[in-house]
Each structure stands twice: as C-alpha cells, then as structure tokens.
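Here's target_7.cif, which has mmCIF, C-alpha atoms and all ligand atoms:
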data_coords
#
loop_
_atom_site.label_atom_id
_atom_site.label_comp_id
_atom_site.auth_asym_id
_atom_site.auth_seq_id
_atom_site.Cartn_x
_atom_site.Cartn_y
_atom_site.Cartn_z
CA MET A 1 110.74 227.32 29.60
CA GLN A 2 109.21 226.60 32.99
CA TYR A 3 107.02 229.70 33.18
CA ALA A 4 105.15 231.13 30.23
CA VAL A 5 102.25 233.42 29.44
CA LEU A 6 99.32 233.04 27.08
CA LYS A 7 97.51 236.18 25.97
CA LYS A 8 93.78 235.94 26.72
CA GLU A 9 92.89 236.66 23.11
CA TYR A 10 94.62 233.36 22.20
CA LEU A 11 92.62 231.14 24.58
CA ASN A 12 90.03 230.26 21.94
CA GLU A 13 92.72 229.38 19.42
CA PHE A 14 94.62 227.39 22.06
CA ILE A 15 91.62 225.13 22.77
CA THR A 16 90.81 224.85 19.05
CA ARG A 17 94.37 223.70 18.28
CA LEU A 18 94.34 221.21 21.16
CA ALA A 19 90.96 219.81 20.08
CA GLN A 20 92.23 219.12 16.56
CA ASP A 21 94.26 216.12 17.82
CA GLN A 22 92.60 215.10 21.05
CA LYS A 23 89.36 215.22 22.98
CA VAL A 24 89.37 218.32 25.20
CA ILE A 25 87.13 218.49 28.26
CA ALA A 26 86.44 221.79 30.03
CA PRO A 27 83.86 223.38 32.34
CA VAL A 28 80.88 224.98 30.58
CA ALA A 29 77.84 226.82 31.96
CA LYS A 30 74.67 224.76 32.52
CA GLY A 31 71.90 227.19 33.44
CA TYR A 32 71.98 229.57 36.40
CA ASN A 33 75.22 229.20 38.37
CA GLN A 34 75.67 225.55 37.38
CA PHE A 35 78.70 224.20 35.52
CA ALA A 36 79.74 220.83 34.14
CA PHE A 37 82.81 219.31 32.53
CA GLU A 38 82.09 218.29 28.94
CA GLU A 39 83.80 218.10 25.55
CA VAL A 40 84.61 221.41 23.87
CA LYS A 41 85.95 222.13 20.40
CA SER A 42 86.97 225.73 21.08
CA GLY A 43 87.33 228.11 24.01
CA GLU A 44 84.06 229.95 23.32
CA LYS A 45 81.92 228.11 25.87
CA VAL A 46 84.64 227.50 28.47
CA ALA A 47 83.73 228.92 31.91
CA LEU A 48 86.83 229.39 34.05
CA ASP A 49 85.91 231.66 36.97
CA HIS A 50 83.09 229.60 38.37
CA ILE A 51 82.04 227.63 41.42
CA PRO A 52 82.99 223.93 41.25
CA THR A 53 81.23 221.93 38.55
CA ILE A 54 78.21 219.77 39.51
CA LEU A 55 80.33 216.61 39.26
CA PRO A 56 84.08 216.73 39.78
CA PRO A 57 86.47 215.52 37.06
CA LYS A 58 86.66 212.15 38.87
CA LYS A 59 84.00 210.98 36.38
CA TYR A 60 86.82 210.76 33.77
CA PHE A 61 89.10 208.77 36.08
CA MET A 62 86.43 206.43 37.45
CA PRO A 63 83.28 206.53 35.33
CA GLN A 64 79.89 206.12 37.01
CA TYR A 65 79.43 202.87 35.10
CA GLU A 66 82.36 200.87 33.74
CA THR A 67 82.73 197.39 32.19
CA LEU A 68 85.60 195.51 33.86
CA ALA A 69 85.42 192.23 31.95
CA THR A 70 83.34 190.12 29.59
CA TYR A 71 82.93 186.39 30.20
CA HIS A 72 82.15 183.27 28.23
CA ALA A 73 81.35 180.14 30.24
CA ASN A 74 82.36 177.74 27.44
CA SER A 75 85.54 179.47 26.31
CA SER A 76 89.02 178.38 27.47
CA GLN A 77 89.64 181.98 28.56
CA LYS A 78 86.52 182.52 30.60
CA MET A 79 87.20 186.14 31.67
CA ASN A 80 88.41 188.83 29.27
CA PRO A 81 89.53 192.01 31.03
CA VAL A 82 88.25 195.28 29.56
CA VAL A 83 89.73 198.76 30.08
CA GLU A 84 87.50 201.54 28.77
CA CYS A 85 89.76 204.56 28.21
CA GLU A 86 90.69 207.28 25.74
CA ASP A 87 93.23 210.10 25.47
CA LEU A 88 91.83 213.24 27.09
CA ILE A 89 92.94 216.74 27.98
CA LEU A 90 91.14 218.13 31.02
CA PHE A 91 91.26 221.91 30.93
CA GLY A 92 90.33 224.30 33.75
CA VAL A 93 90.65 221.95 36.75
CA HIS A 94 90.51 224.03 39.95
CA THR A 95 92.96 223.43 42.80
CA CYS A 96 90.31 221.68 44.95
CA ASP A 97 89.72 219.17 42.16
CA LEU A 98 93.46 218.69 41.56
CA ALA A 99 93.65 217.72 45.24
CA GLY A 100 90.73 215.32 44.73
CA ILE A 101 92.52 213.59 41.86
CA GLN A 102 95.66 213.29 44.03
CA CYS A 103 93.58 211.53 46.70
CA LEU A 104 92.12 209.09 44.16
CA ASN A 105 95.61 208.43 42.77
CA MET A 106 96.77 207.39 46.24
CA VAL A 107 93.81 205.08 46.79
CA PHE A 108 93.97 203.32 43.43
CA SER A 109 97.78 203.01 43.45
CA GLU A 110 97.68 200.96 46.65
CA ARG A 111 98.23 197.23 46.30
CA PRO A 112 96.34 195.55 44.78
CA LYS A 113 96.63 198.33 42.21
CA ASP A 114 93.51 199.26 40.26
CA ILE A 115 94.77 198.73 36.71
CA ASN A 116 91.69 200.21 35.03
CA TYR A 117 92.05 203.44 36.99
CA LEU A 118 95.81 203.67 36.45
CA ILE A 119 95.65 203.06 32.68
CA ARG A 120 92.90 205.66 32.35
CA LYS A 121 94.90 208.15 34.45
CA SER A 122 97.98 207.68 32.23
CA LYS A 123 95.92 208.86 29.26
CA ILE A 124 94.66 212.07 30.83
CA THR A 125 96.57 215.35 30.58
CA ILE A 126 95.57 217.91 33.20
CA ILE A 127 95.58 221.67 32.79
CA GLY A 128 94.79 223.30 36.14
CA TYR A 129 93.36 226.73 36.81
CA GLY A 130 93.72 228.86 39.96
CA CYS A 131 90.72 230.76 41.36
CA ASN A 132 91.75 234.30 42.25
CA ASP A 133 88.51 235.09 44.07
CA TYR A 134 86.71 233.13 46.75
CA CYS A 135 83.97 231.05 45.13
CA ASP A 136 80.95 230.88 47.47
CA GLU A 137 79.77 230.31 51.04
CA TYR A 138 80.01 226.52 50.74
CA ALA A 139 83.70 226.29 49.85
CA SER A 140 86.28 225.64 52.58
CA CYS A 141 89.43 225.13 50.49
CA ARG A 142 91.47 227.45 52.74
CA LEU A 143 90.77 225.19 55.74
CA VAL A 144 92.28 222.16 54.01
CA HIS A 145 95.02 224.11 52.16
CA SER A 146 93.72 223.32 48.68
CA HIS A 147 93.15 226.98 47.69
CA THR A 148 96.67 226.98 46.21
CA PRO A 149 98.11 224.43 43.76
CA ASN A 150 100.05 221.53 45.22
CA GLY A 151 101.08 219.77 42.00
CA GLY A 152 99.07 217.13 40.18
CA TYR A 153 98.90 218.99 36.84
CA ASP A 154 100.78 219.19 33.55
CA LEU A 155 100.11 222.89 33.00
CA PHE A 156 98.64 225.41 35.44
CA PHE A 157 96.96 228.68 34.40
CA ILE A 158 96.53 231.77 36.58
CA ASN A 159 94.53 234.76 35.41
CA LEU A 160 96.71 237.90 35.28
CA GLY A 161 94.05 240.11 33.68
CA ASP A 162 94.86 240.36 29.98
CA LYS A 163 96.92 237.14 29.98
CA PHE A 164 97.35 233.82 31.77
CA PHE A 165 100.49 233.02 33.72
CA VAL A 166 101.33 229.38 32.97
CA HIS A 167 103.43 226.92 35.01
CA ILE A 168 104.80 224.12 32.82
CA ASN A 169 105.09 221.19 35.21
CA THR A 170 105.67 218.10 33.05
CA LEU A 171 106.98 216.96 29.70
CA ALA A 172 103.38 216.53 28.50
CA GLY A 173 102.73 220.16 29.45
CA ASP A 174 105.87 221.29 27.67
CA GLU A 175 104.81 219.42 24.52
CA ILE A 176 101.45 221.19 24.56
CA THR A 177 103.07 224.64 24.70
CA GLU A 178 105.46 223.66 21.90
CA LYS A 179 102.76 222.14 19.71
CA THR A 180 100.18 224.92 20.03
CA ASN A 181 102.88 227.55 19.55
CA LEU A 182 100.95 230.41 21.20
CA PHE A 183 102.95 230.89 24.41
CA GLU A 184 105.64 233.43 25.27
CA PRO A 185 108.26 233.24 28.02
CA ALA A 186 107.16 234.90 31.28
CA THR A 187 108.94 238.18 32.08
CA PRO A 188 109.99 239.54 35.52
CA ALA A 189 106.93 241.84 35.32
CA ASP A 190 104.68 238.75 34.95
CA LEU A 191 106.33 237.14 37.99
CA ASN A 192 105.70 240.36 39.97
CA ALA A 193 102.03 240.36 38.91
CA LEU A 194 101.77 236.73 40.04
CA ALA A 195 103.29 237.57 43.45
CA LYS A 196 100.70 240.37 43.91
CA ILE A 197 97.83 238.03 43.08
CA ARG A 198 99.12 235.47 45.58
CA GLU A 199 99.39 238.18 48.24
CA LYS A 200 95.82 239.30 47.60
CA LYS A 201 94.63 235.71 47.70
CA ARG A 202 95.94 235.32 51.24
CA GLU A 203 93.50 238.06 52.31
CA ILE A 204 90.54 236.87 50.21
CA PHE A 205 90.64 233.17 51.13
CA ALA A 206 89.76 233.16 54.81
CA ASN A 207 89.45 230.07 56.97
CA GLU A 208 85.92 230.17 58.38
CA VAL A 209 86.31 227.11 60.59
CA PRO A 210 88.44 228.03 63.63
CA VAL A 211 90.45 224.81 63.78
CA VAL A 212 93.86 224.14 62.26
CA HIS A 213 93.65 221.27 59.86
CA GLU A 214 96.40 219.32 61.67
CA ARG A 215 94.06 218.99 64.67
CA MET A 216 91.06 217.69 62.74
CA PRO A 217 91.78 213.97 63.30
CA GLU A 218 92.11 214.66 67.04
CA MET A 219 88.80 216.54 67.02
CA PHE A 220 87.11 213.64 65.25
CA SER A 221 88.63 211.10 67.64
CA LYS A 222 86.85 212.89 70.47
CA SER A 223 83.59 213.19 68.53
CA TYR A 224 82.60 209.58 67.95
CA ASP A 225 79.66 209.79 70.40
CA SER A 226 78.75 213.39 69.60
CA ASN A 227 75.08 214.45 69.43
CA VAL A 228 75.94 216.14 66.15
CA TRP A 229 75.61 212.78 64.34
CA GLU A 230 72.14 212.16 65.81
CA ASP A 231 71.01 215.55 64.53
CA LEU A 232 72.42 214.87 61.04
CA GLY A 233 70.83 211.41 61.05
CA LYS A 234 67.37 212.92 61.69
CA ARG A 235 67.75 215.33 58.78
CA CYS A 236 69.58 213.17 56.20
CA LEU A 237 67.44 211.68 53.39
CA ALA A 238 70.05 209.02 52.53
CA CYS A 239 69.95 210.06 48.88
CA GLY A 240 73.72 209.64 48.36
CA ASN A 241 74.08 212.94 46.47
CA CYS A 242 76.85 214.16 48.78
CA THR A 243 79.10 211.19 48.03
CA ASN A 244 78.33 211.18 44.30
CA VAL A 245 79.50 214.77 43.91
CA CYS A 246 82.50 214.44 46.22
CA PRO A 247 85.85 214.45 44.37
CA THR A 248 87.38 212.00 46.86
CA CYS A 249 84.53 209.48 47.32
CA TYR A 250 85.42 206.38 45.34
CA CYS A 251 83.29 203.49 46.67
CA PHE A 252 81.83 201.22 44.02
CA ASP A 253 79.83 198.03 43.63
CA VAL A 254 80.72 195.19 41.24
CA THR A 255 77.98 193.14 39.54
CA ASP A 256 77.89 190.36 36.95
CA GLU A 257 75.24 190.80 34.25
CA PRO A 258 74.49 187.63 32.23
CA ASN A 259 73.18 187.79 28.67
CA LEU A 260 69.98 185.90 27.76
CA ASP A 261 72.03 182.88 26.59
CA LEU A 262 73.25 182.48 30.20
CA GLN A 263 76.69 181.60 28.81
CA THR A 264 78.08 185.08 28.17
CA GLY A 265 77.87 188.35 29.98
CA LYS A 266 79.84 191.16 31.52
CA ARG A 267 81.19 192.30 34.87
CA PHE A 268 80.75 195.98 35.58
CA ARG A 269 81.21 198.40 38.42
CA ARG A 270 79.29 201.52 39.27
CA TRP A 271 79.49 204.17 41.94
CA ASP A 272 78.01 203.25 45.29
CA SER A 273 77.44 205.35 48.40
CA CYS A 274 78.04 204.76 52.10
CA GLN A 275 74.85 206.75 52.62
CA ASN A 276 72.73 203.91 51.14
CA GLU A 277 71.55 201.50 53.82
CA ALA A 278 72.39 198.48 51.67
CA PHE A 279 76.04 199.58 51.40
CA ALA A 280 77.08 198.09 54.75
CA LYS A 281 74.70 195.10 54.64
CA VAL A 282 76.29 191.67 54.82
CA ALA A 283 75.04 188.10 54.31
CA GLY A 284 72.34 187.32 56.86
CA GLY A 285 70.87 190.81 56.49
CA GLU A 286 72.94 192.53 59.21
CA SER A 287 74.00 196.11 58.53
CA PHE A 288 77.05 197.71 60.16
CA ARG A 289 75.60 201.16 59.80
CA LYS A 290 71.84 200.79 59.88
CA GLU A 291 71.20 204.25 61.34
CA ARG A 292 71.58 207.31 59.13
CA SER A 293 73.44 209.02 61.97
CA ALA A 294 76.11 206.29 61.82
CA ARG A 295 76.36 206.66 58.05
CA GLN A 296 76.76 210.42 58.30
CA ARG A 297 79.47 209.99 60.94
CA HIS A 298 81.20 207.49 58.69
CA ARG A 299 81.18 209.96 55.78
CA TYR A 300 82.85 212.65 57.90
CA PHE A 301 85.34 210.23 59.42
CA ARG A 302 86.28 209.08 55.91
CA LYS A 303 87.25 212.69 55.10
CA PHE A 304 88.91 213.92 58.26
CA LYS A 305 90.19 210.97 60.32
CA TYR A 306 90.70 207.62 58.59
CA PRO A 307 92.66 208.97 55.57
CA MET A 308 95.02 210.86 57.89
CA GLU A 309 95.83 207.54 59.55
CA LYS A 310 96.25 205.71 56.26
CA PHE A 311 97.56 208.31 53.79
CA SER A 312 98.62 211.22 56.06
CA ARG A 313 96.29 213.63 54.28
CA LEU A 314 92.75 214.86 54.65
CA PHE A 315 90.33 213.60 52.03
CA CYS A 316 88.23 216.75 51.97
CA THR A 317 89.33 219.28 49.37
CA GLY A 318 86.95 221.98 50.58
CA CYS A 319 85.10 222.10 47.25
CA GLY A 320 81.75 222.53 49.03
CA ARG A 321 79.85 220.28 46.62
CA CYS A 322 78.31 218.09 49.35
CA SER A 323 76.78 221.14 51.07
CA ARG A 324 75.77 222.78 47.79
CA THR A 325 73.85 219.70 46.64
CA CYS A 326 72.23 218.51 49.89
CA MET A 327 68.43 218.75 49.84
CA ALA A 328 68.37 218.53 53.65
CA LYS A 329 70.74 221.51 53.86
CA ILE A 330 73.36 219.52 55.73
CA ASN A 331 76.35 221.81 55.59
CA LEU A 332 79.92 220.58 56.09
CA LYS A 333 81.21 223.86 57.49
CA GLU A 334 78.31 224.08 59.97
CA THR A 335 79.00 220.53 61.14
CA LEU A 336 82.71 221.28 61.58
CA ASN A 337 81.93 224.48 63.48
CA GLN A 338 79.57 222.56 65.79
CA LEU A 339 82.29 219.98 66.49
CA VAL A 340 84.88 222.70 67.13
CA GLU A 341 82.57 224.29 69.72
CA GLU A 342 81.61 220.99 71.30
CA GLN A 343 85.18 219.71 71.64
CA GLY A 344 86.71 223.04 72.71
CA MET A 345 89.11 223.04 69.74
CA LYS A 346 88.61 226.69 68.80
CA ASN A 347 91.77 228.49 67.65
CA LEU A 348 94.13 225.89 69.11
CA LYS A 349 97.50 225.80 67.41
CA ALA A 350 98.87 222.75 65.61
CA GLY A 351 100.25 220.06 67.91
CA ARG A 352 98.85 217.68 70.45
CA GLU A 353 99.04 219.85 73.57
CA THR A 354 96.07 221.98 74.55
CA GLU A 355 97.31 225.57 74.74
S1 LIG B 1 73.11 214.77 50.18
FE1 LIG B 1 72.32 215.36 52.20
S2 LIG B 1 70.41 214.20 52.39
FE2 LIG B 1 71.55 213.22 50.74
S3 LIG B 1 72.72 211.57 51.76
FE3 LIG B 1 74.07 213.37 51.70
S4 LIG B 1 73.74 214.40 53.66
FE4 LIG B 1 72.01 212.97 53.39
S1 LIG B 2 83.43 216.28 51.73
FE1 LIG B 2 82.24 217.87 50.63
S2 LIG B 2 83.60 219.70 50.62
FE2 LIG B 2 84.89 217.91 51.16
S3 LIG B 2 85.72 217.19 49.17
FE3 LIG B 2 83.82 216.02 49.54
S4 LIG B 2 82.20 217.20 48.49
FE4 LIG B 2 83.99 218.56 48.69
#
If you took the structure in this file and wrote it as structure tokens, what would it be?
Amino acid sequence: MQYAVLKKEYLNEFITRLAQDQKVIAPVAKGYNQFAFEEVKSGEKVALDHIPTILPPKKYFMPQYETLATYHANSSQKMNPVVECEDLILFGVHTCDLAGIQCLNMVFSERPKDINYLIRKSKITIIGYGCNDYCDEYASCRLVHSHTPNGGYDLFFINLGDKFFVHINTLAGDEITEKTNLFEPATPADLNALAKIREKKREIFANEVPVVHERMPEMFSKSYDSNVWEDLGKRCLACGNCTNVCPTCYCFDVTDEPNLDLQTGKRFRRWDSCQNEAFAKVAGGESFRKERSARQRHRYFRKFKYPMEKFSRLFCTGCGRCSRTCMAKINLKETLNQLVEEQGMKNLKAGRETE
C-alpha cells in the first residue's frame, strides 16, 4: 500500500511500538513556544503542530562535536578512523527540515564524500510531518517552495483531523507500517480530504517577499555592494547563533587533541560559523572577511546565490530559525524585502528579462 491512514488514537501506541526496537527521536515542548528534538518512548510528549525546533534535526546527521579518528604515534596504524553512529527513527520532521536534510545530503555526497555523514545518514529513518497552518511571522517556506513535501522521507504524515494520512515512500517506511500493524489502507474519502487540505494550504501559506525564487540569485548578483550589508554589519553581534540553528549550515573545524602522554589522542570536528571573525583567518593573520558586514553578506550569499550555481537549489528552507534566534533582531525576510526594493525586483516573473 502506498497510501495509508493511522487513527490519531493509535499515535501513542505507534511510537511505543517503534521505540521497543529502536531509538525514536521526536519534537517535544521545552517551555513557552520552544521545541526540541529528543528521544521519546511514547507519543505522549510529542509536539507535532509547532514552530520549528530550536535546533534542526541536522544535529543527528552532523553532531555538534564528533570524533573522526584516534591516533597512536608509536603504532604501525597511526590513525584509526571512528564513525559515531546509531540506528535512529526521526519522527515529526517538518517539510522545511526535510529540505534542509536534502541540502546536507548534496553537500556531503560530493567528492570527496564525507563517509561519517553518509554512514550516519544510512542509519536514520525519517518520518516527515506536514504543517497545515502557517507557523509564525519568521517563516518563509512558501517563498522557497518548502511548505510542501518534496521527498526525502520514508513515511510522511498529514493531519486529517481524527486521523493521519500517510505516504509510504520507501521500503523502510513500508516495513514500519507492516511491523507496527496499526495502519489501514487510505480510502477515496481520505484522498478527497487530503486534496481539500492542500487547497486550503495554498491560501494559508502566502509568500510575503515579492520576488519569485528563481530570480533570487540575480537579485543577489546585483546586491554585492548594497548598503544593506553595512547596516547588518553595524547591528550583528557575531554570535554565530544564526548559523548554528540553520538546517543547511554545515561548516566545521577539525582539531587534534593530544592526550597527556603526547603519543595518543583524537581528531575531532565541531560546528564552526562564518560569523566568527577567526573563521576566514589564514596564516599570517589576514582575514578574508574581517568586517561583520562582509560576513553577513557571505551568509546570505551562501543561501541564495552560491548554492544555485553549484547545486541548482536555494539553501534556505524558510524555517525562520535565524530570525527567531537573533538577539540583534536581524530578520531574513526584512533583509530580502529591502533587497527587492533596492534592486527593483518586485513582482517580476521568473526569467532573465525585466518585464
Ligand atoms: S544571530 Fe544575529 S547577531 Fe548573531 S551572528 Fe547571526 S545575525 Fe549576527
Ligand atoms: S537562512 Fe534562516 S530561514 Fe533560511 S534555512 Fe537558514 S535558518 Fe532557516
């Protein structure tokens, strides 16, 4: 069966059955309007209709701190590779975060392939969840077309009221429905209910930035010397929060840490941020992006211009986390709106010609 339904009253039992064999990770509430992915044993604490979690699920694909190898100076095999991974089921991944995982998959599958990432990815089963209502003023998923699912999941749940409509997308997803034995085939009435929800979603999810996403790289090409970056540079605190919470930021630093015997030790990597001044520093003390304005511009260009040239897709999923977390109230949608005004890109259609 490709389409199925799960009655809402069975959600708790579904998670409980899954958690009997495997670690299940799902979003749970963390104080007022804050959510985080963490291990759950049942469905009781799972929060599905919520704004994006504080950190995206990328933390399971590329942990904040990860040992890559141990070394022994006097051993014949001096470096021993390490892959820290475990079987996981990620439940309740919103469409913006599915898009973020797809971006990371592209980056880490490039040659030279990142084996640690790819092994970890192969052990993670993903169950996506579609938001039926717009989440908050920071989200811009409609702008970048990530308000609807574009693959990247094993199962996908959509809330139909008293039940979930479920798309079974992979063999792993099929095995879950078989094993938990709580699903029923979807009926024509369920498919009609799904079509109505999709129709309603088209009205609810508005694009608040008046530029078509195909023209974004063009807009950024014209904006290299914009005053917008100077303004952001004056306000930015260079804390790096925006990149830490971004589902598509993947920069890291690699360090060797010797033990006290100075013969053994480990090589690890941890998240880094292009917003730190030291990030672009090279030998001799020069920095490519000394000014915060240049670092802010770089962050935006890494979302809306460079990845289009390299991967033919935008690397912003519209999750809104960067704006939600910024202490200086730097807001992605405001910045985009300023650039649209400045470059005269308002309401232009897709294509290179100016209408
Ligand atoms: S979160 Fe805000 S203040 Fe911190 S580095 Fe990012 S833009 Fe600057
Ligand atoms: S740039 Fe901001 S809105 Fe876009 S994916 Fe990153 S955190 Fe989300």
Exercise answer, 10 Å around ligand LIG 1 (chain B) with all atoms listed in the file, as JSON, numbers by chain = {"A": [232, 233, 234, 235, 236, 237, 238, 239, 240, 241, 242, 243, 244, 245, 273, 274, 275, 276, 292, 293, 295, 296, 299, 321, 322, 323, 324, 325, 326, 327, 328, 329, 330, 331, 332]}
Can you sort out the box for ligand LIG 2 (chain B), edges along x, y and z, all listed atoms in, 8 Å on every side, with centre and edge lengths in Å to one decimal, as lines of an AutoDock Vina configuration file?
center_x = 84.0
center_y = 217.9
center_z = 50.1
size_x = 19.5
size_y = 19.7
size_z = 19.2
request  = Please write out the residues within 6 Å of ligand LIG 2 (chain B) as number ranges by chain, counting all atoms listed in the file.
outcome  = A: 245-248, 316-322
task = For each of A:Ala195, A:Val228, A:Cys249, A:Met219, take the minimum atom-to-atom distance to A:Ile101, counting only C-alpha atoms, then give the residue where this is smallest.
result =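 The answer is A:Cys249, which sits nearest to A:Ile101.
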message = Can you measure atom CA of A:Leu98 to atom CA of A:Gly43 for me? One decimal in Å is fine.
response =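 Straight-line distance from atom CA of A:Leu98 to atom CA of A:Gly43 works out to 20.8 Å.
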task = For atom CA of A:Leu339 and atom CA of A:Asn207, quote the distance in Å rounded to one decimal.
result =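 Taking atom CA of A:Leu339 and atom CA of A:Asn207, their separation equals 15.6 Å.
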query = Expressed in Å to a single decimal, how great is the separation between atom CA of A:Leu48 and atom CA of A:Thr125?
reply =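 Calculated distance between atom CA of A:Leu48 and atom CA of A:Thr125 is 17.4 Å.
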Please list as a short mmCIF file (atom, residue, chain, number, x, y, z; two decimals) with C-alpha atoms, in the coordinates of the input every residue within 6 Å of A:Ala26, counting only C-alpha atoms and excluding residues in the same chain fewer than 2 positions away.
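Printed below is result_4.cif as written:
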data_model
loop_
_atom_site.label_atom_id
_atom_site.label_comp_id
_atom_site.auth_asym_id
_atom_site.auth_seq_id
_atom_site.Cartn_x
_atom_site.Cartn_y
_atom_site.Cartn_z
CA PHE A 37 82.81 219.31 32.53
CA GLU A 38 82.09 218.29 28.94
CA PHE A 91 91.26 221.91 30.93
CA GLY A 92 90.33 224.30 33.75
#
Closest contacts (stretch 123-160 of chain A/stretch 174-191 of chain A, max 10 Å, all atoms listed in the file) as CSV:
residue,atom,partner,partner_atom,distance
A:Thr125,CA,A:Ile176,CA,9.7
A:Asp154,CA,A:Asp174,CA,8.1
A:Leu155,CA,A:Asp174,CA,8.0
A:Leu160,CA,A:Asp190,CA,8.0
inquiry  = Taking all atoms listed in the file into account, name the residue in A:Ala29, A:Thr70, A:Lys78, A:Lys7 that is nearest to A:Thr255.
reply    =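 Ranked by minimum distance to A:Thr255, first place goes to A:Thr70.
For the set A:Val46, A:Ile197, A:Met345, A:Ala4, the residue with the smallest atom-to-atom gap to A:Phe165 is A:Ala4, counting all atoms listed in the file.
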request  = Return the single residue from A:Gln343, A:Asn105, A:Ser42, A:Ser312 that is closest to A:Leu18, with distances computed using all atoms listed in the file.
outcome  = A:Ser42
